[in-house]
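What follows is the content of data-v2.cif, which has mmCIF, C-alpha atoms:
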```
data_run
#
loop_
_atom_site.label_atom_id
_atom_site.label_comp_id
_atom_site.auth_asym_id
_atom_site.auth_seq_id
_atom_site.Cartn_x
_atom_site.Cartn_y
_atom_site.Cartn_z
CA MET A 1 144.07 15.27 -27.94
CA LEU A 2 146.53 17.66 -29.53
CA ILE A 3 148.33 16.59 -32.71
CA THR A 4 151.51 18.64 -32.94
CA ASN A 5 154.36 19.35 -35.37
CA ALA A 6 152.19 18.44 -38.34
CA THR A 7 152.20 19.57 -41.95
CA LEU A 8 148.47 20.08 -42.49
CA VAL A 9 147.20 19.38 -46.00
CA ASN A 10 143.81 20.74 -47.02
CA TRP A 11 142.29 20.05 -50.41
CA THR A 12 139.57 22.72 -50.51
CA PRO A 13 140.76 25.41 -50.17
CA ARG A 14 144.17 24.08 -51.15
CA GLN A 15 146.59 24.57 -48.24
CA ILE A 16 149.90 23.19 -46.98
CA LEU A 17 150.60 24.40 -43.45
CA PRO A 18 153.90 23.27 -41.85
CA ASN A 19 154.56 23.38 -38.10
CA HIS A 20 150.86 23.29 -37.29
CA ALA A 21 148.70 21.55 -34.72
CA LEU A 22 145.12 20.28 -34.37
CA LEU A 23 143.09 20.12 -31.18
CA ILE A 24 140.53 17.29 -31.28
CA ARG A 25 137.60 17.36 -28.89
CA ASP A 26 134.32 15.38 -28.90
CA GLY A 27 135.07 13.76 -32.24
CA ARG A 28 135.65 17.03 -34.10
CA ILE A 29 138.48 19.42 -34.89
CA ALA A 30 138.15 22.06 -32.18
CA GLU A 31 141.10 24.34 -33.02
CA ILE A 32 143.78 24.77 -35.66
CA GLY A 33 146.93 26.84 -35.24
CA THR A 34 150.69 26.68 -35.11
CA THR A 35 152.20 24.13 -32.80
CA ALA A 36 153.61 26.91 -30.64
CA GLU A 37 150.21 28.60 -30.31
CA LEU A 38 148.19 25.50 -29.46
CA THR A 39 150.70 23.92 -27.07
CA ALA A 40 150.91 27.21 -25.18
CA ARG A 41 147.11 27.49 -25.09
CA HIS A 42 146.48 23.85 -24.09
CA PRO A 43 149.47 22.63 -22.05
CA GLU A 44 147.31 20.05 -20.25
CA GLN A 45 146.23 18.20 -23.38
CA ASP A 46 147.54 14.77 -24.39
CA GLN A 47 150.00 15.56 -27.19
CA ARG A 48 150.75 13.39 -30.20
CA ASP A 49 153.87 14.58 -32.02
CA VAL A 50 153.84 13.52 -35.72
CA ARG A 51 157.33 14.94 -36.36
CA GLY A 52 156.54 16.90 -39.52
CA LYS A 53 154.46 14.22 -41.28
CA LEU A 54 151.49 15.19 -43.43
CA VAL A 55 148.07 15.22 -41.77
CA LEU A 56 145.16 15.00 -44.20
CA PRO A 57 141.42 14.31 -44.14
CA ALA A 58 140.83 10.55 -44.13
CA ASN A 59 139.63 8.82 -47.27
CA ILE A 60 136.01 7.93 -48.03
CA CYS A 61 134.78 5.03 -50.18
CA ALA A 62 131.50 5.60 -52.05
CA HIS A 63 130.81 1.96 -52.99
CA THR A 64 132.26 -1.30 -51.67
CA HIS A 65 131.40 -4.93 -50.93
CA PHE A 66 132.69 -6.28 -47.61
CA TYR A 67 131.19 -9.70 -48.37
CA GLY A 68 133.70 -10.38 -51.17
CA ALA A 69 136.71 -10.84 -48.88
CA PHE A 70 136.73 -14.65 -49.17
CA ALA A 71 137.15 -14.38 -52.96
CA ARG A 72 140.88 -13.70 -52.60
CA GLY A 73 142.74 -16.70 -54.07
CA LEU A 74 139.50 -18.55 -54.86
CA ALA A 75 139.54 -20.70 -57.99
CA ILE A 76 136.38 -20.83 -60.13
CA PRO A 77 135.56 -24.37 -61.35
CA GLY A 78 135.34 -24.90 -65.11
CA GLU A 79 136.31 -22.48 -67.83
CA ALA A 80 137.23 -18.93 -66.90
CA PRO A 81 134.37 -16.42 -67.23
CA ARG A 82 134.38 -14.74 -70.64
CA ASN A 83 132.45 -11.60 -69.69
CA PHE A 84 130.86 -9.79 -66.78
CA PRO A 85 127.54 -11.70 -66.75
CA GLU A 86 129.56 -14.92 -66.47
CA ILE A 87 131.66 -13.41 -63.65
CA LEU A 88 128.43 -12.73 -61.76
CA LYS A 89 127.02 -16.20 -62.34
CA LYS A 90 130.22 -18.19 -61.85
CA LEU A 91 131.81 -16.21 -58.99
CA TRP A 92 129.76 -13.66 -57.06
CA TRP A 93 126.32 -15.27 -57.14
CA ASN A 94 127.81 -18.50 -55.82
CA LEU A 95 130.12 -16.92 -53.27
CA ASP A 96 127.36 -14.81 -51.70
CA ARG A 97 125.15 -17.93 -51.38
CA ALA A 98 128.00 -19.76 -49.62
CA LEU A 99 128.20 -17.27 -46.74
CA THR A 100 126.86 -17.80 -43.22
CA LEU A 101 126.23 -14.96 -40.77
CA GLU A 102 129.59 -15.62 -39.12
CA ASP A 103 131.29 -15.50 -42.53
CA VAL A 104 129.57 -12.16 -43.16
CA ARG A 105 130.93 -10.75 -39.90
CA LEU A 106 134.45 -11.98 -40.63
CA SER A 107 134.39 -10.67 -44.20
CA ALA A 108 133.55 -7.26 -42.79
CA LEU A 109 136.32 -7.43 -40.19
CA VAL A 110 138.90 -8.44 -42.80
CA SER A 111 137.79 -5.51 -44.98
CA LEU A 112 137.88 -3.08 -42.05
CA VAL A 113 141.42 -4.06 -41.07
CA ASN A 114 142.35 -3.20 -44.64
CA ALA A 115 140.44 0.08 -44.46
CA ILE A 116 142.11 1.30 -41.27
CA LYS A 117 145.59 0.38 -42.50
CA HIS A 118 144.93 2.35 -45.67
CA GLY A 119 143.33 5.40 -44.11
CA THR A 120 139.72 4.89 -45.22
CA THR A 121 137.40 5.74 -42.36
CA LEU A 122 133.96 6.00 -44.01
CA LEU A 123 132.70 3.21 -46.28
CA ILE A 124 129.38 2.81 -48.09
CA ASP A 125 128.83 -0.94 -48.29
CA HIS A 126 126.49 -2.98 -50.50
CA HIS A 127 125.85 -6.43 -49.05
CA ALA A 128 124.52 -9.81 -50.28
CA SER A 129 124.27 -13.19 -48.52
CA PRO A 130 121.12 -14.89 -49.86
CA ASN A 131 121.27 -17.82 -47.44
CA ALA A 132 121.93 -15.56 -44.44
CA ILE A 133 119.80 -12.47 -44.99
CA ASP A 134 118.05 -11.85 -41.67
CA GLY A 135 120.44 -10.10 -39.28
CA SER A 136 123.25 -9.81 -41.83
CA LEU A 137 123.42 -6.00 -41.63
CA SER A 138 123.57 -6.16 -37.84
CA ALA A 139 126.48 -8.62 -38.10
CA ILE A 140 128.32 -6.11 -40.31
CA ALA A 141 127.41 -3.25 -37.97
CA GLN A 142 128.92 -5.21 -35.08
CA ALA A 143 132.21 -5.39 -36.99
CA VAL A 144 132.03 -1.67 -37.81
CA GLU A 145 131.46 -0.86 -34.13
CA GLN A 146 134.47 -2.95 -33.17
CA ALA A 147 136.67 -1.29 -35.78
CA GLY A 148 135.64 2.27 -34.91
CA VAL A 149 135.10 3.51 -38.47
CA ARG A 150 131.96 4.96 -40.05
CA ALA A 151 129.79 3.01 -42.49
CA VAL A 152 126.56 3.16 -44.47
CA LEU A 153 125.06 -0.33 -44.83
CA CYS A 154 122.36 -1.88 -47.01
CA TYR A 155 121.21 -5.28 -48.29
CA GLU A 156 120.89 -5.78 -52.05
CA VAL A 157 117.33 -6.77 -52.97
CA SER A 158 117.19 -9.05 -56.02
CA ASP A 159 114.69 -11.36 -57.76
CA ARG A 160 117.45 -13.68 -58.96
CA ASN A 161 116.82 -16.17 -56.15
CA GLY A 162 113.02 -15.95 -56.16
CA GLN A 163 110.33 -13.84 -54.57
CA GLU A 164 110.84 -15.19 -51.06
CA GLN A 165 114.43 -13.96 -50.91
CA ALA A 166 113.50 -10.66 -52.57
CA GLN A 167 110.96 -10.04 -49.82
CA ALA A 168 113.51 -11.10 -47.19
CA GLY A 169 115.98 -8.54 -48.61
CA ILE A 170 113.36 -5.79 -48.37
CA ALA A 171 112.58 -6.83 -44.80
CA GLU A 172 116.28 -6.77 -43.83
CA ASN A 173 116.71 -3.23 -45.14
CA VAL A 174 113.62 -2.07 -43.26
CA ARG A 175 114.62 -3.90 -40.07
CA PHE A 176 118.10 -2.41 -40.09
CA LEU A 177 116.95 1.12 -40.91
CA LYS A 178 114.68 0.98 -37.87
CA GLU A 179 117.45 -0.50 -35.70
CA VAL A 180 120.28 1.81 -36.66
CA GLY A 181 118.32 5.06 -36.58
CA LYS A 182 120.76 7.95 -36.19
CA HIS A 183 123.68 5.98 -34.82
CA PRO A 184 126.69 8.35 -34.55
CA ARG A 185 128.89 6.26 -36.87
CA ILE A 186 126.57 3.86 -38.74
CA ARG A 187 123.69 4.67 -41.07
CA GLY A 188 121.52 2.71 -43.46
CA ALA A 189 120.62 2.92 -47.15
CA PHE A 190 118.22 0.69 -49.13
CA GLY A 191 120.08 -1.78 -51.33
CA LEU A 192 119.03 -2.98 -54.78
CA HIS A 193 121.13 -5.27 -56.97
CA ALA A 194 120.56 -4.00 -60.51
CA SER A 195 117.76 -3.34 -62.95
CA MET A 196 118.44 -6.66 -64.68
CA THR A 197 117.53 -8.70 -61.59
CA LEU A 198 114.56 -6.60 -60.42
CA SER A 199 110.97 -6.78 -61.65
CA ASP A 200 108.67 -3.78 -61.80
CA GLU A 201 106.73 -5.26 -58.90
CA THR A 202 109.82 -5.58 -56.70
CA LEU A 203 110.98 -2.06 -57.55
CA ALA A 204 107.54 -0.74 -56.57
CA ALA A 205 107.66 -2.71 -53.31
CA CYS A 206 111.05 -1.19 -52.47
CA VAL A 207 109.82 2.34 -53.20
CA ARG A 208 106.90 1.77 -50.81
CA ALA A 209 109.19 0.27 -48.16
CA ILE A 210 111.65 3.18 -48.13
CA GLU A 211 109.00 5.89 -47.69
CA PRO A 212 109.22 6.18 -43.86
CA PHE A 213 113.00 6.64 -43.93
CA GLU A 214 115.18 9.61 -44.82
CA THR A 215 117.63 7.68 -46.94
CA GLY A 216 118.18 6.62 -50.54
CA PHE A 217 118.74 3.59 -52.72
CA HIS A 218 122.12 2.05 -53.52
CA ILE A 219 122.05 0.16 -56.84
CA HIS A 220 124.35 -1.04 -59.63
CA VAL A 221 123.54 0.76 -62.89
CA ALA A 222 124.64 -0.27 -66.40
CA GLU A 223 127.92 -1.83 -65.26
CA HIS A 224 127.75 -3.96 -68.42
CA GLU A 225 125.71 -3.83 -71.63
CA ALA A 226 123.68 -6.80 -70.36
CA ASP A 227 121.89 -4.47 -67.93
CA GLN A 228 120.78 -2.25 -70.81
CA GLU A 229 119.77 -5.19 -72.98
CA ASP A 230 117.63 -6.62 -70.19
CA SER A 231 115.98 -3.27 -69.45
CA LEU A 232 115.11 -2.67 -73.12
CA LYS A 233 113.68 -6.17 -73.43
CA ARG A 234 111.82 -5.92 -70.13
CA SER A 235 110.43 -2.39 -70.41
CA GLY A 236 111.36 -0.81 -73.73
CA MET A 237 113.42 1.72 -71.78
CA ARG A 238 117.09 2.06 -70.99
CA VAL A 239 118.16 1.41 -67.40
CA VAL A 240 118.31 4.97 -66.06
CA ARG A 241 114.94 5.87 -67.57
CA ARG A 242 113.39 2.70 -66.13
CA LEU A 243 114.76 3.46 -62.66
CA GLU A 244 113.66 7.09 -62.92
CA ARG A 245 110.11 6.02 -63.84
CA ALA A 246 110.12 3.58 -60.91
CA GLY A 247 111.07 6.31 -58.41
CA ILE A 248 114.56 5.00 -57.63
CA LEU A 249 116.68 8.00 -58.59
CA GLY A 250 117.14 11.03 -56.36
CA LYS A 251 119.50 13.19 -54.30
CA ARG A 252 120.05 10.40 -51.73
CA THR A 253 120.49 7.54 -54.24
CA ILE A 254 123.83 6.05 -55.34
CA ALA A 255 124.10 4.61 -58.86
CA ALA A 256 127.23 2.48 -58.92
CA HIS A 257 129.29 2.28 -62.12
CA ALA A 258 127.07 3.84 -64.86
CA VAL A 259 129.61 2.67 -67.43
CA HIS A 260 127.16 2.10 -70.29
CA VAL A 261 124.83 5.09 -70.10
CA ASP A 262 124.08 7.42 -72.99
CA PRO A 263 123.90 11.25 -72.86
CA TRP A 264 120.13 11.22 -72.24
CA GLU A 265 120.65 8.98 -69.22
CA MET A 266 123.45 11.21 -67.95
CA GLU A 267 121.03 14.12 -68.11
CA LEU A 268 118.49 12.16 -66.06
CA LEU A 269 121.18 11.41 -63.48
CA ARG A 270 122.07 15.11 -63.38
CA GLN A 271 118.48 16.34 -63.15
CA SER A 272 117.61 13.89 -60.38
CA GLU A 273 120.82 14.77 -58.47
CA THR A 274 121.65 11.06 -58.23
CA TRP A 275 125.18 10.22 -57.10
CA VAL A 276 127.29 8.12 -59.49
CA ALA A 277 130.00 5.98 -57.89
CA HIS A 278 132.99 5.22 -60.12
CA GLN A 279 135.15 2.12 -59.47
CA PRO A 280 138.02 2.15 -62.02
CA ARG A 281 140.03 -0.83 -60.71
CA SER A 282 136.96 -3.05 -60.68
CA ASN A 283 135.89 -1.90 -64.14
CA MET A 284 139.33 -2.80 -65.49
CA ASN A 285 139.36 -6.13 -63.66
CA ASN A 286 135.94 -7.11 -65.02
CA GLY A 287 136.67 -5.80 -68.51
CA VAL A 288 133.44 -3.80 -68.62
CA GLY A 289 134.85 -0.57 -70.03
CA ALA A 290 135.28 2.97 -68.70
CA MET A 291 132.53 5.38 -67.73
CA ARG A 292 132.45 8.82 -69.36
CA PHE A 293 134.21 10.51 -66.48
CA ASP A 294 134.98 13.92 -68.00
CA ASP A 295 131.64 14.16 -69.81
CA MET A 296 129.78 13.51 -66.57
CA LEU A 297 131.78 16.07 -64.62
CA ARG A 298 131.42 18.66 -67.37
CA GLY A 299 127.67 18.05 -67.42
CA GLY A 300 127.28 18.42 -63.65
CA VAL A 301 126.72 14.78 -62.71
CA LYS A 302 127.75 14.12 -59.10
CA VAL A 303 130.54 11.58 -59.65
CA CYS A 304 132.14 9.93 -56.59
CA LEU A 305 134.86 7.33 -56.12
CA GLY A 306 134.45 3.83 -54.70
CA ASN A 307 136.36 0.57 -54.92
CA ASP A 308 133.76 -2.19 -55.46
CA GLY A 309 135.52 -4.35 -52.86
CA MET A 310 138.89 -4.27 -54.65
CA GLY A 311 140.62 -3.18 -51.43
CA ASN A 312 140.40 0.01 -49.42
CA ALA A 313 143.65 1.64 -50.50
CA MET A 314 141.83 4.62 -51.99
CA PHE A 315 144.99 6.39 -53.16
CA ASP A 316 145.37 3.40 -55.52
CA GLU A 317 141.83 4.10 -56.76
CA TRP A 318 142.75 7.77 -57.35
CA ARG A 319 145.69 6.65 -59.48
CA ALA A 320 143.61 4.10 -61.38
CA ALA A 321 141.01 6.74 -62.26
CA TYR A 322 143.74 9.10 -63.43
CA LEU A 323 145.23 6.42 -65.73
CA LEU A 324 142.18 4.48 -66.95
CA HIS A 325 140.52 7.35 -68.77
CA LYS A 326 143.70 8.36 -70.55
CA VAL A 327 144.04 4.96 -72.17
CA ALA A 328 140.28 4.55 -72.73
CA ASN A 329 140.11 7.91 -74.53
CA ARG A 330 143.64 7.79 -75.96
CA ASP A 331 144.00 11.30 -74.56
CA PRO A 332 146.56 12.17 -71.85
CA ARG A 333 144.42 15.18 -70.89
CA ALA A 334 141.52 13.00 -69.71
CA ALA A 335 140.74 12.73 -65.98
CA ASP A 336 143.28 15.33 -64.90
CA ALA A 337 144.56 15.20 -61.34
CA ASP A 338 142.49 18.19 -60.20
CA SER A 339 139.31 16.46 -61.34
CA VAL A 340 140.23 13.15 -59.71
CA VAL A 341 140.93 14.89 -56.39
CA ARG A 342 137.69 16.88 -56.61
CA VAL A 343 135.74 13.64 -57.09
CA ALA A 344 137.62 11.62 -54.46
CA VAL A 345 137.61 14.33 -51.78
CA ASP A 346 134.92 16.97 -52.30
CA HIS A 347 132.25 14.82 -53.95
CA ASN A 348 132.80 11.87 -51.61
CA ALA A 349 132.59 14.24 -48.63
CA ALA A 350 129.34 15.73 -49.93
CA LEU A 351 127.90 12.23 -50.39
CA ALA A 352 128.93 11.28 -46.85
CA LYS A 353 127.09 14.34 -45.56
CA VAL A 354 123.86 13.00 -47.10
CA PHE A 355 123.97 10.19 -44.55
CA PHE A 356 125.66 12.16 -41.73
CA PRO A 357 124.14 15.63 -42.17
CA ASP A 358 125.55 16.97 -38.89
CA GLU A 359 129.16 16.29 -39.90
CA THR A 360 131.62 18.00 -42.25
CA PHE A 361 134.03 15.65 -44.01
CA GLY A 362 137.03 15.99 -46.30
CA ALA A 363 138.43 19.17 -44.76
CA LEU A 364 140.74 20.26 -41.96
CA THR A 365 138.59 23.06 -40.60
CA GLU A 366 137.35 23.89 -37.13
CA GLY A 367 134.14 21.99 -36.47
CA ALA A 368 134.83 19.32 -39.10
CA ALA A 369 134.80 15.63 -38.23
CA ALA A 370 138.12 14.47 -36.78
CA ASP A 371 138.54 11.78 -39.45
CA LEU A 372 142.25 12.08 -40.23
CA ILE A 373 145.27 10.26 -41.53
CA VAL A 374 148.98 10.80 -40.93
CA LEU A 375 151.12 10.21 -44.02
CA GLU A 376 154.90 9.76 -44.11
CA TYR A 377 155.82 11.41 -47.39
CA HIS A 378 159.25 12.79 -48.22
CA PRO A 379 158.92 14.74 -51.48
CA PHE A 380 162.13 15.07 -53.48
CA THR A 381 160.68 17.96 -55.53
CA PRO A 382 158.85 21.04 -54.19
CA LEU A 383 155.40 20.26 -52.75
CA THR A 384 153.09 23.24 -53.29
CA GLU A 385 149.39 24.03 -53.25
CA VAL A 386 149.49 24.10 -57.06
CA ASN A 387 151.13 20.71 -57.67
CA LEU A 388 149.64 18.88 -54.66
CA PRO A 389 147.21 16.72 -56.74
CA TRP A 390 150.05 15.40 -58.89
CA HIS A 391 152.14 14.57 -55.82
CA ALA A 392 149.11 12.69 -54.54
CA ILE A 393 148.57 10.74 -57.76
CA PHE A 394 152.21 9.82 -58.33
CA GLY A 395 153.67 9.91 -54.83
CA PHE A 396 151.14 9.15 -52.10
CA GLU A 397 151.25 5.46 -51.20
CA SER A 398 148.68 3.91 -48.88
CA SER A 399 151.49 1.97 -47.21
CA ALA A 400 152.93 5.31 -46.06
CA ILE A 401 149.94 5.97 -43.79
CA THR A 402 151.19 5.72 -40.21
CA ALA A 403 148.04 6.73 -38.29
CA THR A 404 144.29 6.66 -38.82
CA ILE A 405 141.76 8.57 -36.69
CA ALA A 406 137.94 8.38 -36.99
CA ALA A 407 135.49 10.49 -35.01
CA GLY A 408 138.42 11.61 -32.86
CA GLU A 409 139.40 8.06 -31.87
CA ILE A 410 142.82 6.67 -32.77
CA LEU A 411 142.35 3.44 -34.74
CA MET A 412 146.00 3.06 -35.78
CA TRP A 413 149.14 4.81 -34.53
CA ASP A 414 152.69 4.25 -35.77
CA ARG A 415 151.20 1.57 -38.03
CA GLN A 416 149.90 -0.40 -35.02
CA LEU A 417 146.19 -1.24 -35.15
CA LEU A 418 144.53 -0.37 -31.83
CA THR A 419 140.91 -1.50 -32.29
CA LEU A 420 141.35 -4.68 -34.33
CA ASP A 421 143.76 -7.60 -33.99
CA GLU A 422 144.81 -8.22 -37.58
CA ALA A 423 146.62 -11.52 -36.93
CA ALA A 424 143.73 -12.99 -34.94
CA ILE A 425 141.13 -11.90 -37.51
CA ALA A 426 143.21 -13.29 -40.38
CA ALA A 427 143.70 -16.59 -38.52
CA GLU A 428 139.96 -16.91 -37.87
CA ALA A 429 139.17 -16.10 -41.50
CA ARG A 430 141.73 -18.67 -42.74
CA ALA A 431 140.11 -21.29 -40.52
CA ARG A 432 136.66 -20.57 -41.99
CA ALA A 433 137.68 -20.07 -45.62
CA PRO A 434 138.00 -23.80 -46.56
CA ALA A 435 134.35 -24.41 -45.61
CA VAL A 436 133.23 -21.32 -47.53
CA TRP A 437 135.22 -22.44 -50.56
CA GLU A 438 133.82 -25.96 -50.33
CA ARG A 439 130.25 -24.63 -50.32
CA PHE A 440 131.18 -22.32 -53.19
CA ARG A 441 132.59 -25.21 -55.27
CA ALA A 442 129.44 -27.27 -54.65
CA LEU A 443 127.35 -24.38 -55.97
CA ALA A 444 129.68 -23.43 -58.83
CA THR A 445 130.66 -26.82 -60.28
CA PRO A 446 129.08 -27.19 -63.73
#
```

What is this structure when it is put down as structure tokens?
Amino acid sequence: MLITNATLVNWTPRQILPNHALLIRDGRIAEIGTTAELTARHPEQDQRDVRGKLVLPANICAHTHFYGAFARGLAIPGEAPRNFPEILKKLWWNLDRALTLEDVRLSALVSLVNAIKHGTTLLIDHHASPNAIDGSLSAIAQAVEQAGVRAVLCYEVSDRNGQEQAQAGIAENVRFLKEVGKHPRIRGAFGLHASMTLSDETLAACVRAIEPFETGFHIHVAEHEADQEDSLKRSGMRVVRRLERAGILGKRTIAAHAVHVDPWEMELLRQSETWVAHQPRSNMNNGVGAMRFDDMLRGGVKVCLGNDGMGNAMFDEWRAAYLLHKVANRDPRAADADSVVRVAVDHNAALAKVFFPDETFGALTEGAAADLIVLEYHPFTPLTEVNLPWHAIFGFESSAITATIAAGEILMWDRQLLTLDEAAIAAEARARAPAVWERFRALATP
């Protein structure tokens, strides 16, 4: 496939190349050149003319929750949650228990429709369905296969529902890691909920279980002060130190949130080369605070950008990160656009390479993965390599994405989904939602 008449946008090194073309072969970018050069060299290729639109590397999400799709519009019985621990207990820990395997599959499909429409082609998911554990990751993988995107999947192990379910969560991670192997578009991690719902014994069991696999853990870390309070009470150590002592941290592990960590914990995250996934929209929604974004970057912590299931329009997440830290620090210099882009593009691409080591993401270069988006953007001020991040923050809208390509396959073209039927999936989800909500209300009613 030859994409022609494109304005190629590269983030690192920063480039804007009008009247260019890309040749895609075997899921990768095979050649880059002017449209005139490549059409003359490859006249037999199927050509896709984008008529001057921007072509960029597709977005990556470092932390999400497909299973939360049925929460949209859901009313929580009783008084509204007053803090994050109450949000967990009143909403998420009842919704995840209300899901069947079919609900899990549909939640993933709903989320993947959203991802393709918004140009996000690689998602690192963190799953929970305590009453449908066995086979849940395979149900999600089936949806990922159907959609055509890339994903890293895991099941969150937790002691909150008893030892039997904790062991079942460990077994599901191990089963899926064996099943998925080195699938070209799907990989596995080892999920853990959070320090505050994991005993020392369960952490040790997870460390033993992961040993045969070349992957890392995916865990929530200090999203709220309650996680720190529990860790201090349980072990006399703060969360990051406890996890480090347990053998959880490392260059393949993702620590989601890390909002309430102190400088000593940041240094442990840096030394261990643990990835920290930042979810600004979710942090604002849950009222948990803002992580120390600039301090972590300045100190060399590997900060990435996720969405925590808030929707896969990652350009919205870029903008939220840019704004949140300015108000949190009362400093308009905080989280500058260059830093946000570096985190969202370069760091996310480096994290993706941990799970897909044979691929290069986040760049329009020969040999890189053909994970691309086409963006209809008509700047009314000059668009240059210097001001590109600010155009992205203030001008790029996810709704302006007209095409999404993953591994060289077209998933959406001219805003038409080609691998998923959005109307049919939404209709099926609407038909199942009342039963999910009824089970949720039975579990959540005081």

Please build the interface table for range 257-306 of chain A against range 120-140 of chain A with a cut-off of 12 Å, listing for each qualifying residue the nearest atom pair and the distance in Å to one decimal; count all atoms listed in the file, order rows by chain and increasing number, and write it as a tab-separated table.
```
residue	atom	partner	partner_atom	distance
A:Ala277	CA	A:Ile124	CA	10.3
A:Cys304	CA	A:Ile124	CA	11.4
A:Leu305	CA	A:Ile124	CA	10.7
A:Gly306	CA	A:Ile124	CA	8.4
```

Counting only C-alpha atoms, what is within 8 Å of Pro85 in chain A, bar same-chain residues fewer than 4 positions away, as a ChimeraX atom specification? /A:89,224,226

Using all atoms listed in the file, collect all residues at a distance of at most 6 Å from (142.7, -2.2, -48.8) as written in the file, then present them as a ChimeraX atom specification. /A:114-115,118,311-313

One-decimal distance in Å that lies between CA of Ile425 in chain A and CA of Arg48 in chain A: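 Value for the CA of Arg48 in chain A-CA of Ile425 in chain A distance: 28.0 Å.
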
Running the PyMOL selection byres ((chain A and resi 362) around 9) on this model by hand, what would come out? Give it as a list of chain:residue names. A:Asn10, A:Trp11, A:Thr12, A:Leu56, A:Pro57, A:Ala58, A:Asn59, A:Ile60, A:Val345, A:Asp346, A:Asn348, A:Ala349, A:Ala350, A:Thr360, A:Phe361, A:Ala363, A:Leu364, A:Ala368, A:Ala369, A:Asp371, A:Leu372

Dump C-alpha atoms for the selected residues as a tab-separated table (two decimals), keeping the file's coordinate frame?
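Final file, selection_2.tsv:
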```tsv
chain	number	residue	atom	x	y	z
A	10	ASN	CA	143.81	20.74	-47.02
A	11	TRP	CA	142.29	20.05	-50.41
A	12	THR	CA	139.57	22.72	-50.51
A	56	LEU	CA	145.16	15.00	-44.20
A	57	PRO	CA	141.42	14.31	-44.14
A	58	ALA	CA	140.83	10.55	-44.13
A	59	ASN	CA	139.63	8.82	-47.27
A	60	ILE	CA	136.01	7.93	-48.03
A	345	VAL	CA	137.61	14.33	-51.78
A	346	ASP	CA	134.92	16.97	-52.30
A	348	ASN	CA	132.80	11.87	-51.61
A	349	ALA	CA	132.59	14.24	-48.63
A	350	ALA	CA	129.34	15.73	-49.93
A	360	THR	CA	131.62	18.00	-42.25
A	361	PHE	CA	134.03	15.65	-44.01
A	363	ALA	CA	138.43	19.17	-44.76
A	364	LEU	CA	140.74	20.26	-41.96
A	368	ALA	CA	134.83	19.32	-39.10
A	369	ALA	CA	134.80	15.63	-38.23
A	371	ASP	CA	138.54	11.78	-39.45
A	372	LEU	CA	142.25	12.08	-40.23
```

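If you measure from each of A:Arg14, A:Arg238, A:Glu223, A:Ile3 to Asp338 in chain A using all atoms listed in the file, the closest one turns out to be A:Arg14.
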
Evaluated on this file, the PyMOL selection byres ((chain A and resi 388) around 10) picks out some residues - which ones are they, written as a PyMOL selection string? chain A and resi 9-11+14-16+337-338+341+382-387+389-393+395

Within 6 Å of Glu366 in chain A, counting all atoms listed in the file, which residues qualify if same-chain residues fewer than 2 places away don't, as a ChimeraX atom specification? /A:29-31,368

Would you mind reading off the distance between CA of Gln279 in chain A and CA of Asn307 in chain A, one decimal, in Å?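 Distance between the two atoms: 5.0 Å.
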
Can you measure CA of Phe66 in chain A to CA of Ala108 in chain A for me? One decimal in Å is fine. 5.0 Å

Pick from A:His65, A:Val104, A:Ala147, A:Phe380, whichever lies nearest to His193 in chain A using all atoms listed in the file: A:His65

Range 206-208 of chain A: which residues within 10 Å, counting all atoms listed in the file, same-chain residues fewer than 5 positions away excluded, as a PDB file with C-alpha atoms, in the frame of the given file?
```
ATOM      1  CA  VAL A 157     117.330  -6.770 -52.970  1.00  0.00           C
ATOM      2  CA  ALA A 166     113.500 -10.660 -52.570  1.00  0.00           C
ATOM      3  CA  GLN A 167     110.960 -10.040 -49.820  1.00  0.00           C
ATOM      4  CA  GLY A 169     115.980  -8.540 -48.610  1.00  0.00           C
ATOM      5  CA  ILE A 170     113.360  -5.790 -48.370  1.00  0.00           C
ATOM      6  CA  ALA A 171     112.580  -6.830 -44.800  1.00  0.00           C
ATOM      7  CA  ASN A 173     116.710  -3.230 -45.140  1.00  0.00           C
ATOM      8  CA  VAL A 174     113.620  -2.070 -43.260  1.00  0.00           C
ATOM      9  CA  PHE A 190     118.220   0.690 -49.130  1.00  0.00           C
ATOM     10  CA  GLY A 191     120.080  -1.780 -51.330  1.00  0.00           C
ATOM     11  CA  LEU A 192     119.030  -2.980 -54.780  1.00  0.00           C
ATOM     12  CA  ASP A 200     108.670  -3.780 -61.800  1.00  0.00           C
ATOM     13  CA  GLU A 201     106.730  -5.260 -58.900  1.00  0.00           C
ATOM     14  CA  GLY A 216     118.180   6.620 -50.540  1.00  0.00           C
ATOM     15  CA  PHE A 217     118.740   3.590 -52.720  1.00  0.00           C
ATOM     16  CA  ALA A 246     110.120   3.580 -60.910  1.00  0.00           C
ATOM     17  CA  GLY A 247     111.070   6.310 -58.410  1.00  0.00           C
ATOM     18  CA  ILE A 248     114.560   5.000 -57.630  1.00  0.00           C
TER      19      ILE A 248
END
```

Which residues, protein or nucleic acid, reach to within 8 Å of (133.4, 5.5, -69.5) in the file's coordinates when using all atoms listed in the file, and can you give that as a ChimeraX atom specification? /A:259-260,289-293,325,328

Kindly resolve the PyMOL selection byres ((chain A and resi 270) around 8) on the present coordinates and return the residues as a list in words.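 Written out, the selection comes to Met266, Glu267, Leu268, Leu269, Gln271, Ser272, Glu273, Thr274, Gly299, Gly300, Val301 and Lys302 of chain A.
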